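Undergrad: Contents are mmCIF, C-alpha atoms; file name structure-v5.cif:
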data_start
#
loop_
_atom_site.label_atom_id
_atom_site.label_comp_id
_atom_site.auth_asym_id
_atom_site.auth_seq_id
_atom_site.Cartn_x
_atom_site.Cartn_y
_atom_site.Cartn_z
CA MET L 7 -29.97 3.94 7.30
CA ASN L 8 -27.44 2.37 9.62
CA LYS L 9 -26.31 4.48 12.53
CA GLN L 10 -22.62 5.16 12.77
CA ALA L 11 -22.24 3.51 16.16
CA GLY L 12 -18.88 2.53 17.58
CA MET L 13 -17.12 -0.70 16.78
CA ASN L 14 -18.13 -3.79 18.73
CA SER L 15 -15.60 -6.04 20.49
CA THR L 16 -15.10 -8.31 17.45
CA GLU L 17 -14.45 -5.35 15.18
CA LYS L 18 -12.01 -3.78 17.64
CA LYS L 19 -10.15 -7.07 17.94
CA ALA L 20 -10.08 -7.44 14.16
CA ALA L 21 -8.74 -3.91 13.73
CA ILE L 22 -5.95 -4.42 16.27
CA THR L 23 -4.87 -7.89 15.22
CA LEU L 24 -5.04 -7.42 11.44
CA SER L 25 -3.25 -4.08 11.68
CA SER L 26 -0.51 -5.73 13.73
CA VAL L 27 -0.16 -8.56 11.19
CA PHE L 28 0.20 -6.05 8.36
CA ALA L 29 2.67 -4.02 10.40
CA LEU L 30 4.82 -7.03 11.35
CA ARG L 31 5.02 -8.19 7.75
CA MET L 32 5.69 -4.77 6.25
CA LEU L 33 8.22 -3.92 8.96
CA GLY L 34 10.22 -6.93 7.83
CA LEU L 35 10.09 -5.92 4.18
CA PHE L 36 10.85 -2.24 4.77
CA MET L 37 13.80 -2.81 7.16
CA LEU L 38 15.95 -3.96 4.25
CA LEU L 39 15.43 -0.82 2.14
CA PRO L 40 17.81 1.56 3.95
CA VAL L 41 20.56 -1.01 4.50
CA PHE L 42 20.72 -3.64 1.78
CA SER L 43 22.73 -1.73 -0.83
CA LEU L 44 25.53 -1.37 1.75
CA ALA L 45 25.26 -4.60 3.75
CA GLY L 46 24.76 -6.67 0.59
CA GLN L 47 28.22 -5.74 -0.69
CA ASN L 48 29.68 -8.45 1.55
CA LEU L 49 27.77 -11.21 -0.28
CA ASN L 50 29.59 -13.44 -2.76
CA GLY L 51 28.83 -12.51 -6.37
CA TYR L 52 27.97 -8.91 -5.48
CA THR L 53 27.40 -6.43 -8.29
CA PRO L 54 25.31 -3.24 -8.10
CA ALA L 55 22.88 -4.71 -10.66
CA LEU L 56 22.33 -7.85 -8.57
CA ILE L 57 21.94 -5.77 -5.41
CA GLY L 58 19.18 -3.86 -7.17
CA LEU L 59 17.56 -7.12 -8.26
CA ALA L 60 17.68 -8.46 -4.70
CA ILE L 61 16.08 -5.29 -3.33
CA GLY L 62 13.21 -5.39 -5.82
CA ALA L 63 12.81 -9.17 -6.30
CA TYR L 64 10.01 -9.60 -3.76
CA GLY L 65 7.89 -7.16 -5.78
CA LEU L 66 7.80 -9.52 -8.78
CA THR L 67 6.22 -12.41 -6.92
CA GLN L 68 4.00 -10.06 -4.94
CA ALA L 69 2.66 -8.70 -8.23
CA ILE L 70 2.12 -12.20 -9.64
CA PHE L 71 0.33 -13.67 -6.62
CA GLN L 72 -1.54 -10.66 -5.19
CA ILE L 73 -4.84 -11.29 -7.01
CA PRO L 74 -4.68 -15.14 -7.01
CA PHE L 75 -4.24 -15.20 -3.22
CA GLY L 76 -7.47 -13.24 -2.88
CA TRP L 77 -9.29 -15.78 -5.04
CA LEU L 78 -7.80 -18.65 -3.04
CA SER L 79 -9.04 -17.08 0.19
CA ASP L 80 -12.57 -17.08 -1.26
CA LYS L 81 -12.27 -20.80 -1.97
CA TYR L 82 -10.28 -22.14 0.98
CA GLY L 83 -10.91 -19.57 3.71
CA ARG L 84 -9.12 -16.41 4.80
CA LYS L 85 -7.08 -17.66 7.75
CA PRO L 86 -5.53 -20.75 6.06
CA ILE L 87 -4.42 -18.66 3.07
CA ILE L 88 -3.04 -15.86 5.26
CA ILE L 89 -1.10 -18.31 7.42
CA GLY L 90 0.14 -20.10 4.29
CA GLY L 91 1.36 -16.81 2.87
CA LEU L 92 3.15 -15.94 6.10
CA ILE L 93 4.83 -19.37 6.06
CA LEU L 94 6.16 -18.63 2.56
CA PHE L 95 7.33 -15.22 3.76
CA ALA L 96 9.13 -16.80 6.74
CA LEU L 97 10.72 -19.51 4.58
CA GLY L 98 11.98 -16.90 2.15
CA SER L 99 13.55 -15.01 5.05
CA VAL L 100 15.27 -18.20 6.25
CA VAL L 101 16.59 -18.95 2.75
CA ALA L 102 18.04 -15.44 2.54
CA ALA L 103 19.48 -15.64 6.07
CA MET L 104 21.31 -18.88 5.27
CA SER L 105 22.76 -17.63 1.99
CA ASP L 106 26.27 -16.26 1.53
CA HIS L 107 25.76 -15.65 -2.20
CA ILE L 108 23.70 -12.87 -3.74
CA TYR L 109 21.76 -15.40 -5.83
CA GLY L 110 20.62 -17.20 -2.68
CA VAL L 111 19.38 -13.92 -1.23
CA ILE L 112 17.53 -13.15 -4.48
CA ALA L 113 15.86 -16.59 -4.27
CA GLY L 114 14.86 -15.86 -0.69
CA ARG L 115 13.43 -12.48 -1.64
CA LEU L 116 11.40 -14.04 -4.45
CA LEU L 117 10.03 -16.61 -1.99
CA GLN L 118 9.21 -13.85 0.50
CA GLY L 119 7.09 -12.15 -2.11
CA CYS L 120 5.10 -15.32 -2.82
CA GLY L 121 3.21 -14.70 0.43
CA ALA L 122 0.97 -12.06 -1.15
CA ILE L 123 -1.72 -11.88 1.52
CA ALA L 124 -2.85 -8.26 1.40
CA SER L 125 -6.20 -8.88 -0.33
CA ALA L 126 -6.93 -11.89 1.89
CA ILE L 127 -6.36 -9.76 5.01
CA MET L 128 -8.62 -7.02 3.65
CA ALA L 129 -11.31 -9.61 2.89
CA LEU L 130 -11.01 -11.05 6.41
CA ALA L 131 -11.40 -7.53 7.80
CA ALA L 132 -14.58 -7.20 5.73
CA ASP L 133 -15.87 -10.57 6.96
CA LEU L 134 -15.37 -9.51 10.57
CA SER L 135 -16.96 -6.06 10.37
CA ARG L 136 -20.29 -4.47 9.76
CA ASP L 137 -20.34 -2.48 6.57
CA GLU L 138 -20.69 0.87 8.37
CA GLN L 139 -17.56 0.14 10.48
CA ARG L 140 -15.37 -1.24 7.72
CA THR L 141 -13.76 2.07 6.81
CA LYS L 142 -12.39 2.41 10.36
CA ILE L 143 -10.72 -1.01 10.20
CA MET L 144 -9.26 -0.32 6.76
CA ALA L 145 -7.96 3.04 8.02
CA SER L 146 -6.25 1.38 10.99
CA ILE L 147 -4.56 -1.09 8.63
CA GLY L 148 -3.40 1.79 6.43
CA MET L 149 -1.97 3.66 9.41
CA SER L 150 -0.14 0.52 10.55
CA ILE L 151 1.62 0.31 7.17
CA GLY L 152 2.73 3.93 7.44
CA ALA L 153 3.98 3.37 10.99
CA ALA L 154 5.84 0.21 9.91
CA PHE L 155 7.61 2.14 7.15
CA ALA L 156 8.73 4.90 9.51
CA LEU L 157 9.93 2.44 12.17
CA ALA L 158 11.77 0.34 9.59
CA MET L 159 13.68 3.38 8.31
CA ILE L 160 14.71 4.23 11.87
CA PHE L 161 15.49 0.77 13.28
CA GLY L 162 16.77 -1.00 10.15
CA PRO L 163 20.28 0.53 10.12
CA GLY L 164 20.86 0.01 13.86
CA LEU L 165 19.64 -3.58 13.74
CA THR L 166 21.86 -4.33 10.75
CA SER L 167 24.91 -2.88 12.51
CA TRP L 168 24.14 -5.05 15.54
CA LEU L 169 23.08 -8.34 13.92
CA GLY L 170 24.43 -8.09 10.38
CA LEU L 171 22.40 -8.76 7.24
CA LYS L 172 21.86 -12.41 8.17
CA GLY L 173 20.54 -11.37 11.56
CA VAL L 174 18.05 -8.99 9.95
CA PHE L 175 16.67 -11.81 7.79
CA TRP L 176 16.35 -14.04 10.87
CA ALA L 177 14.54 -11.19 12.65
CA ILE L 178 12.17 -10.89 9.69
CA ALA L 179 11.42 -14.63 9.94
CA VAL L 180 10.61 -14.18 13.64
CA LEU L 181 8.26 -11.31 12.81
CA ALA L 182 6.47 -13.56 10.31
CA VAL L 183 6.03 -16.27 12.97
CA LEU L 184 4.62 -13.68 15.39
CA ALA L 185 2.15 -12.60 12.71
CA MET L 186 1.07 -16.24 12.26
CA LEU L 187 0.45 -16.58 16.00
CA VAL L 188 -1.64 -13.41 16.00
CA ILE L 189 -3.80 -14.71 13.13
CA TYR L 190 -4.23 -18.18 14.63
CA PHE L 191 -4.79 -17.36 18.30
CA LEU L 192 -5.97 -13.74 18.52
CA THR L 193 -7.79 -12.80 15.31
CA PRO L 194 -11.52 -13.64 15.47
CA THR L 195 -12.89 -16.27 13.10
CA PRO L 196 -15.82 -14.96 11.04
CA GLU L 197 -19.17 -16.70 11.39
CA GLY L 198 -19.70 -16.48 7.65
CA GLN L 199 -17.67 -15.62 4.59
CA PHE L 200 -18.91 -13.76 1.52
CA ILE L 201 -17.33 -12.80 -1.76
CA GLN L 202 -16.05 -9.37 -0.75
CA ARG L 203 -16.39 -7.13 -3.78
CA ASP L 204 -14.55 -4.28 -2.06
CA ALA L 205 -11.50 -6.46 -1.30
CA ILE L 206 -11.24 -9.29 -3.86
CA ALA L 207 -10.74 -8.75 -7.61
CA SER L 208 -13.27 -10.11 -10.09
CA SER L 209 -11.88 -11.64 -13.28
CA HIS L 210 -14.80 -10.20 -15.26
CA GLN L 211 -14.01 -6.55 -14.49
CA PHE L 212 -10.37 -6.12 -15.53
CA ILE L 213 -11.14 -4.69 -18.98
CA ASP L 214 -13.42 -2.01 -17.49
CA ILE L 215 -10.72 -1.01 -14.99
CA PHE L 216 -8.04 -0.74 -17.69
CA LYS L 217 -10.35 1.39 -19.85
CA ASP L 218 -10.87 3.94 -17.07
CA GLY L 219 -8.43 6.78 -17.70
CA GLN L 220 -8.71 8.19 -14.18
CA LEU L 221 -7.96 4.85 -12.54
CA MET L 222 -5.04 4.19 -14.88
CA ARG L 223 -3.51 7.55 -13.97
CA LEU L 224 -3.57 6.41 -10.35
CA ASN L 225 -2.21 2.96 -11.24
CA PHE L 226 0.66 4.53 -13.16
CA GLY L 227 1.19 6.78 -10.16
CA ILE L 228 1.58 3.98 -7.63
CA PHE L 229 3.79 2.07 -10.07
CA THR L 230 6.05 5.09 -10.45
CA LEU L 231 6.06 5.96 -6.75
CA HIS L 232 7.35 2.54 -5.72
CA PHE L 233 9.72 2.32 -8.69
CA LEU L 234 11.26 5.57 -7.48
CA LEU L 235 11.35 4.43 -3.84
CA THR L 236 13.16 1.17 -4.59
CA ALA L 237 15.54 2.86 -7.03
CA PHE L 238 16.27 5.64 -4.55
CA PHE L 239 17.42 3.19 -1.89
CA VAL L 240 19.75 1.42 -4.28
CA ALA L 241 21.79 4.64 -4.25
CA PHE L 242 21.03 6.72 -1.16
CA PRO L 243 22.67 4.58 1.59
CA THR L 244 25.94 4.82 -0.36
CA ARG L 245 25.57 8.61 -0.45
CA LEU L 246 25.35 8.67 3.34
CA ALA L 247 28.36 6.36 3.59
CA ASN L 248 30.35 8.67 1.28
CA LEU L 249 29.59 11.51 3.69
CA GLY L 250 31.41 9.52 6.37
CA ILE L 251 28.30 8.45 8.29
CA ASP L 252 28.51 4.97 9.78
CA LEU L 253 25.60 2.62 9.04
CA ALA L 254 24.53 2.57 12.70
CA GLN L 255 24.17 6.37 12.57
CA HIS L 256 21.91 6.28 9.50
CA SER L 257 19.02 5.72 11.91
CA TRP L 258 19.34 9.30 13.20
CA VAL L 259 19.20 10.63 9.65
CA TYR L 260 15.98 8.71 8.97
CA LEU L 261 14.49 9.71 12.33
CA ALA L 262 14.98 13.40 11.54
CA THR L 263 13.70 12.80 8.02
CA MET L 264 10.49 11.02 9.06
CA VAL L 265 9.60 13.53 11.78
CA GLY L 266 10.19 16.47 9.46
CA ALA L 267 8.31 14.84 6.58
CA VAL L 268 5.19 14.30 8.70
CA ILE L 269 5.22 17.95 9.81
CA VAL L 270 5.49 19.14 6.20
CA MET L 271 2.95 16.61 4.85
CA LEU L 272 0.04 17.17 7.25
CA PRO L 273 -0.96 20.67 6.02
CA MET L 274 -1.01 19.36 2.45
CA ILE L 275 -3.28 16.46 3.43
CA ILE L 276 -5.63 18.90 5.18
CA VAL L 277 -5.78 21.14 2.11
CA ALA L 278 -6.46 18.15 -0.15
CA GLU L 279 -9.36 16.91 1.98
CA LYS L 280 -10.97 20.18 3.10
CA LYS L 281 -10.57 22.11 -0.14
CA ARG L 282 -11.12 18.99 -2.30
CA GLN L 283 -7.93 19.73 -4.19
CA HIS L 284 -6.61 16.16 -4.31
CA ALA L 285 -5.30 16.35 -7.87
CA ARG L 286 -3.37 19.61 -7.34
CA VAL L 287 -1.89 18.49 -4.04
CA MET L 288 -0.82 15.19 -5.60
CA LEU L 289 0.82 17.12 -8.44
CA LEU L 290 2.71 19.17 -5.84
CA GLY L 291 3.95 15.96 -4.18
CA VAL L 292 5.24 14.59 -7.50
CA VAL L 293 7.02 17.85 -8.32
CA LEU L 294 8.72 17.83 -4.89
CA ILE L 295 10.05 14.33 -5.57
CA ALA L 296 11.21 15.30 -9.07
CA VAL L 297 13.06 18.40 -7.82
CA VAL L 298 14.85 16.53 -5.00
CA GLN L 299 15.92 13.75 -7.37
CA PHE L 300 17.23 16.27 -9.88
CA VAL L 301 19.16 18.20 -7.24
CA PHE L 302 20.67 14.98 -5.84
CA GLY L 303 21.74 14.01 -9.35
CA MET L 304 23.41 17.34 -10.11
CA TYR L 305 24.97 18.44 -6.81
CA GLN L 306 26.72 17.16 -3.70
CA PHE L 307 25.65 18.49 -0.28
CA SER L 308 26.62 18.46 3.37
CA ILE L 309 24.63 16.19 5.67
CA GLY L 310 22.43 19.06 6.86
CA LEU L 311 21.24 19.88 3.36
CA VAL L 312 20.86 16.18 2.55
CA VAL L 313 18.51 15.76 5.53
CA LEU L 314 16.52 18.85 4.47
CA ALA L 315 16.18 17.46 0.94
CA MET L 316 15.12 14.08 2.35
CA VAL L 317 12.42 15.76 4.44
CA ILE L 318 11.02 17.31 1.26
CA TYR L 319 11.31 14.02 -0.64
CA PHE L 320 9.49 11.97 1.98
CA ALA L 321 6.88 14.63 2.57
CA GLY L 322 6.01 14.15 -1.10
CA PHE L 323 6.26 10.36 -0.87
CA ASN L 324 4.11 10.03 2.26
CA LEU L 325 1.57 12.47 0.84
CA LEU L 326 1.19 10.39 -2.33
CA GLU L 327 1.20 7.11 -0.41
CA ALA L 328 -1.78 8.40 1.57
CA LEU L 329 -3.74 10.04 -1.25
CA LEU L 330 -3.39 7.41 -3.98
CA PRO L 331 -5.36 4.57 -2.30
CA SER L 332 -7.91 7.09 -1.05
CA MET L 333 -8.44 8.30 -4.61
CA ILE L 334 -8.75 4.73 -5.93
CA SER L 335 -11.45 3.95 -3.36
CA ARG L 336 -13.42 7.10 -4.21
CA ILE L 337 -13.18 6.86 -8.00
CA ALA L 338 -13.61 3.08 -8.44
CA PRO L 339 -17.17 1.88 -9.09
CA LEU L 340 -18.72 0.13 -6.10
CA SER L 341 -19.16 -3.11 -8.00
CA GLY L 342 -15.51 -3.09 -9.08
CA LYS L 343 -13.69 -1.71 -6.06
CA GLY L 344 -11.95 -5.00 -5.25
CA THR L 345 -10.77 -5.34 -8.86
CA ALA L 346 -9.55 -1.75 -8.93
CA LEU L 347 -7.59 -2.27 -5.70
CA GLY L 348 -6.18 -5.56 -7.03
CA VAL L 349 -4.87 -3.91 -10.20
CA TYR L 350 -3.56 -1.01 -8.09
CA SER L 351 -1.63 -3.37 -5.77
CA THR L 352 -0.21 -5.30 -8.73
CA CYS L 353 1.06 -2.05 -10.28
CA GLN L 354 2.56 -1.04 -6.94
CA PHE L 355 4.63 -4.22 -6.62
CA LEU L 356 5.64 -4.23 -10.29
CA GLY L 357 7.07 -0.77 -9.70
CA ALA L 358 8.93 -1.96 -6.60
CA PHE L 359 10.35 -4.88 -8.60
CA LEU L 360 11.51 -2.95 -11.67
CA GLY L 361 12.93 -0.05 -9.68
CA GLY L 362 15.59 -2.24 -8.05
CA PRO L 363 17.28 -3.98 -11.01
CA ILE L 364 17.00 -0.98 -13.35
CA ALA L 365 18.59 1.29 -10.71
CA GLY L 366 21.24 -1.36 -10.08
CA LEU L 367 22.18 -1.49 -13.77
CA ILE L 368 22.34 2.29 -13.99
CA MET L 369 24.51 2.47 -10.87
CA GLN L 370 26.83 -0.21 -12.23
CA TYR L 371 27.46 1.64 -15.49
CA TYR L 372 26.67 5.32 -14.81
CA GLY L 373 26.93 5.76 -11.05
CA MET L 374 24.49 7.10 -8.45
CA ASP L 375 23.79 10.36 -10.25
CA GLY L 376 22.22 8.47 -13.14
CA ILE L 377 19.65 6.90 -10.78
CA TYR L 378 18.60 10.27 -9.42
CA LEU L 379 18.33 11.87 -12.85
CA LEU L 380 16.28 8.94 -14.17
CA GLY L 381 14.01 9.28 -11.14
CA SER L 382 13.56 12.99 -11.77
CA ALA L 383 12.69 12.42 -15.43
CA LEU L 384 10.18 9.68 -14.61
CA ALA L 385 8.57 11.83 -11.92
CA MET L 386 8.13 14.65 -14.45
CA VAL L 387 6.46 12.25 -16.90
CA TRP L 388 4.11 11.30 -14.06
CA ALA L 389 3.45 14.98 -13.32
CA VAL L 390 2.47 15.64 -16.94
CA TRP L 391 0.02 12.72 -16.95
CA LEU L 392 -1.44 13.91 -13.65
CA LEU L 393 -2.56 17.13 -15.34
CA GLY L 394 -5.58 15.18 -16.62
CA LEU L 395 -6.58 13.84 -13.19
CA LYS L 396 -9.90 15.05 -11.83
CA ASN L 397 -10.69 15.57 -8.16
CA PRO L 398 -12.88 12.76 -6.78
CA PRO L 399 -16.62 13.43 -6.60
CA ALA L 400 -17.96 14.77 -3.31
CA VAL L 401 -19.70 11.55 -2.36
CA SER L 402 -19.64 9.30 0.69
CA ALA L 403 -20.06 5.55 1.02
CA TYR L 404 -23.11 4.21 2.85
CA THR L 405 -24.48 0.74 3.40
CA LEU L 406 -28.06 -0.38 3.82
CA THR L 407 -28.34 -3.73 5.57
CA MET L 408 -31.38 -5.77 4.51
CA PRO L 409 -31.02 -9.28 5.95
CA ASP L 410 -34.68 -10.21 5.40
CA VAL L 411 -34.94 -9.19 1.74
CA SER L 412 -35.01 -12.04 -0.78
CA SER L 413 -32.54 -12.07 -3.67
CA ASP L 414 -35.37 -11.66 -6.18
CA ALA L 415 -36.47 -8.39 -4.59
CA PHE L 416 -33.12 -6.61 -4.90
CA PRO L 417 -33.36 -5.52 -8.58
CA SER L 418 -36.54 -3.51 -8.00
CA LEU L 419 -35.16 -2.08 -4.75
CA ILE L 420 -32.01 -0.91 -6.53
CA ALA L 421 -34.11 0.84 -9.16
CA GLU L 422 -36.08 2.64 -6.43
CA ILE L 423 -32.98 3.67 -4.49
CA LYS L 424 -31.15 4.97 -7.57
CA ALA L 425 -34.09 7.28 -8.25
CA ILE L 426 -33.62 9.05 -4.89
CA GLU L 427 -32.02 12.48 -5.18
CA GLY L 428 -28.44 12.40 -3.90
CA VAL L 429 -27.80 8.71 -4.64
CA SER L 430 -25.14 8.51 -7.34
CA GLU L 431 -24.55 4.75 -7.26
CA ALA L 432 -26.21 1.68 -5.74
CA VAL L 433 -25.05 -1.93 -5.92
CA ALA L 434 -26.81 -4.95 -4.40
CA LEU L 435 -24.94 -7.70 -2.58
CA PRO L 436 -27.73 -10.26 -1.98
CA GLU L 437 -25.46 -12.87 -0.38
CA ALA L 438 -24.60 -10.36 2.36
CA GLY L 439 -28.12 -8.90 2.56
CA ALA L 440 -26.83 -5.40 1.82
CA VAL L 441 -26.84 -2.55 -0.67
CA TYR L 442 -23.74 -0.40 -1.15
CA LEU L 443 -24.34 3.27 -1.92
CA LYS L 444 -22.44 6.36 -2.95
CA VAL L 445 -24.34 9.47 -1.91
CA ASP L 446 -23.95 13.23 -2.01
CA LYS L 447 -24.65 14.38 1.56
CA LYS L 448 -25.59 17.88 0.41
CA GLN L 449 -28.37 16.57 -1.82
CA LEU L 450 -29.53 13.50 0.09
CA ASP L 451 -32.38 13.61 2.59
CA PRO L 452 -31.41 10.90 5.14
CA LYS L 453 -35.06 10.14 5.83
CA SER L 454 -35.50 8.98 2.23
CA LEU L 455 -33.49 5.84 3.00
CA GLU L 456 -34.92 5.00 6.42
CA LYS L 457 -37.74 2.80 5.07
CA TYR L 458 -35.20 0.58 3.29
CA SER L 459 -33.08 0.00 6.38
CA ARG L 460 -36.13 -1.28 8.27
CA ARG L 461 -36.90 -4.05 5.79
#
Kindly transcribe the structure held in the file into structure tokens.
TA:
Amino acid sequence: MNKQAGMNSTEKKAAITLSSVFALRMLGLFMLLPVFSLAGQNLNGYTPALIGLAIGAYGLTQAIFQIPFGWLSDKYGRKPIIIGGLILFALGSVVAAMSDHIYGVIAGRLLQGCGAIASAIMALAADLSRDEQRTKIMASIGMSIGAAFALAMIFGPGLTSWLGLKGVFWAIAVLAVLAMLVIYFLTPTPEGQFIQRDAIASSHQFIDIFKDGQLMRLNFGIFTLHFLLTAFFVAFPTRLANLGIDLAQHSWVYLATMVGAVIVMLPMIIVAEKKRQHARVMLLGVVLIAVVQFVFGMYQFSIGLVVLAMVIYFAGFNLLEALLPSMISRIAPLSGKGTALGVYSTCQFLGAFLGGPIAGLIMQYYGMDGIYLLGSALAMVWAVWLLGLKNPPAVSAYTLTMPDVSSDAFPSLIAEIKAIEGVSEAVALPEAGAVYLKVDKKQLDPKSLEKYSRR
């Protein structure tokens, strides 16, 4: 079995550069969330419904193109597709920056979303890493997204007060160009490219994924989580403004919120992982979100209580944002992990898209309180469905690298390996000369796999 040695120089470079590309892109998208419902009121043609559509529009095209971009990267190469997606993202930012009308901004947001490069980046990370080091690179990318979200909440309001909405869109375009330069000049080019089953969706596996009740609970969860997030920010900046807080000062509210949320969230993450109580901890996170939304919809508070409620809300949000993809990776079958993640990402962006316009319509006709009460009701529906979620099995992912084994020999090897006590799943990837495993460490004797790793 492969030793868990440290990352080599190529893997370290891949981790740093691909994480930075993800962070630059997501920073640009997230910076608009805490400011657009206020700053967008100066656009010609403004209505609350159209503001909501503009906030969520990028999610529609992200959902449409997420899986196809992965397939295109298999056919035409990772880097060209990633750079092409970043060009679309930059062009969309420029279109929005040059628009004085809300419809022009919506068009720009739709074009931004066309650059759906997440699966292509994940596949490039897989191309550039040994199987036993891949989890570390994926984890660094995940952490970069979380950091980008926190920074965007803090810096978005101040940047908007300084540069205006147009300036923010120009800044987003600059971030996209920086990401292109990182990919072109700094990210290593893989020596070979394989069909990455753990990153790219397979068209033959969708039915199996949709039939899996556990996976669909998680897909509904990520849909709902991002629906609620987008809807929340259609209303919440106006709530701060009604409390007499200038847009430039919103940054301090989000800074206090993000710091407090991390402090509250970490013990829950530890309990979920150490006690293997993922389902219960996730249920707690959903209930926290539902309660805060309900309270916001029914009562008005001073800024101190608003910040406290926001800490609770984002503790729940960050908890779920961390646990949901982890659960998908653990529950999804090895042969269908890329498909499961593709469906998951599509659901995520569909939620982000629908949350904006639906919240905008509700705000236009029923006011802010209606958005919060809808969010609370939807979160409670999610909580009820979560009651059937099982904790993930206590298994770990391992990889056996077998570069000298012929393709014809893999079927018999898989049969042998599956018969070993502690091996719950084994999938061959002949083109990469590897076998992916899920094993129970408590039952597995490591020596039982050593003879296969020497082949």
Undergrad: Could you work out how far CA of Asn397 (chain L) lies from CA of Val429 (chain L), giving the answer in Å with one decimal?
TA: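 Straight-line distance from CA of Val429 (chain L) to CA of Asn397 (chain L) works out to 18.8 Å.
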Undergrad: Using all atoms listed in the file, which residue out of L:Ser308, L:Ser341, L:Ser105, L:Gln139 lies closest to Gln211 (chain L)?
TA: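 Looking only at the distances to Gln211 (chain L), the closest residue turns out to be L:Ser341.
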Undergrad: Within 12 Å of (0.7, -19.9, 6.1), in the coordinates the file gives, what residues turn up when you count all atoms listed in the file, written out as a compact mmCIF listing (two decimals) with C-alpha atoms, keeping the file's coordinate frame?
TA:
# COMPACT_ATOMS: atom_id res chain seq x y z
CA PHE L 75 -4.24 -15.20 -3.22
CA SER L 79 -9.04 -17.08 0.19
CA GLY L 83 -10.91 -19.57 3.71
CA ARG L 84 -9.12 -16.41 4.80
CA LYS L 85 -7.08 -17.66 7.75
CA PRO L 86 -5.53 -20.75 6.06
CA ILE L 87 -4.42 -18.66 3.07
CA ILE L 88 -3.04 -15.86 5.26
CA ILE L 89 -1.10 -18.31 7.42
CA GLY L 90 0.14 -20.10 4.29
CA GLY L 91 1.36 -16.81 2.87
CA LEU L 92 3.15 -15.94 6.10
CA ILE L 93 4.83 -19.37 6.06
CA LEU L 94 6.16 -18.63 2.56
CA PHE L 95 7.33 -15.22 3.76
CA ALA L 96 9.13 -16.80 6.74
CA LEU L 97 10.72 -19.51 4.58
CA GLN L 118 9.21 -13.85 0.50
CA CYS L 120 5.10 -15.32 -2.82
CA GLY L 121 3.21 -14.70 0.43
CA ALA L 122 0.97 -12.06 -1.15
CA ILE L 123 -1.72 -11.88 1.52
CA ALA L 126 -6.93 -11.89 1.89
CA ALA L 182 6.47 -13.56 10.31
CA VAL L 183 6.03 -16.27 12.97
CA LEU L 184 4.62 -13.68 15.39
CA ALA L 185 2.15 -12.60 12.71
CA MET L 186 1.07 -16.24 12.26
CA LEU L 187 0.45 -16.58 16.00
CA ILE L 189 -3.80 -14.71 13.13
CA TYR L 190 -4.23 -18.18 14.63
Undergrad: From the options L:Ser25, L:Gln354, L:Gln370, L:Gln72, which residue's atoms come nearest to Thr236 (chain L), counting all atoms listed in the file?
TA: L:Gln354
Undergrad: For a quick check of understanding, using all atoms listed in the file, which of L:His256, L:Arg245, L:Lys447, L:His232 has the smallest distance to Gly362 (chain L)?
TA: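 For Gly362 (chain L), the nearest of the given residues is L:His232.
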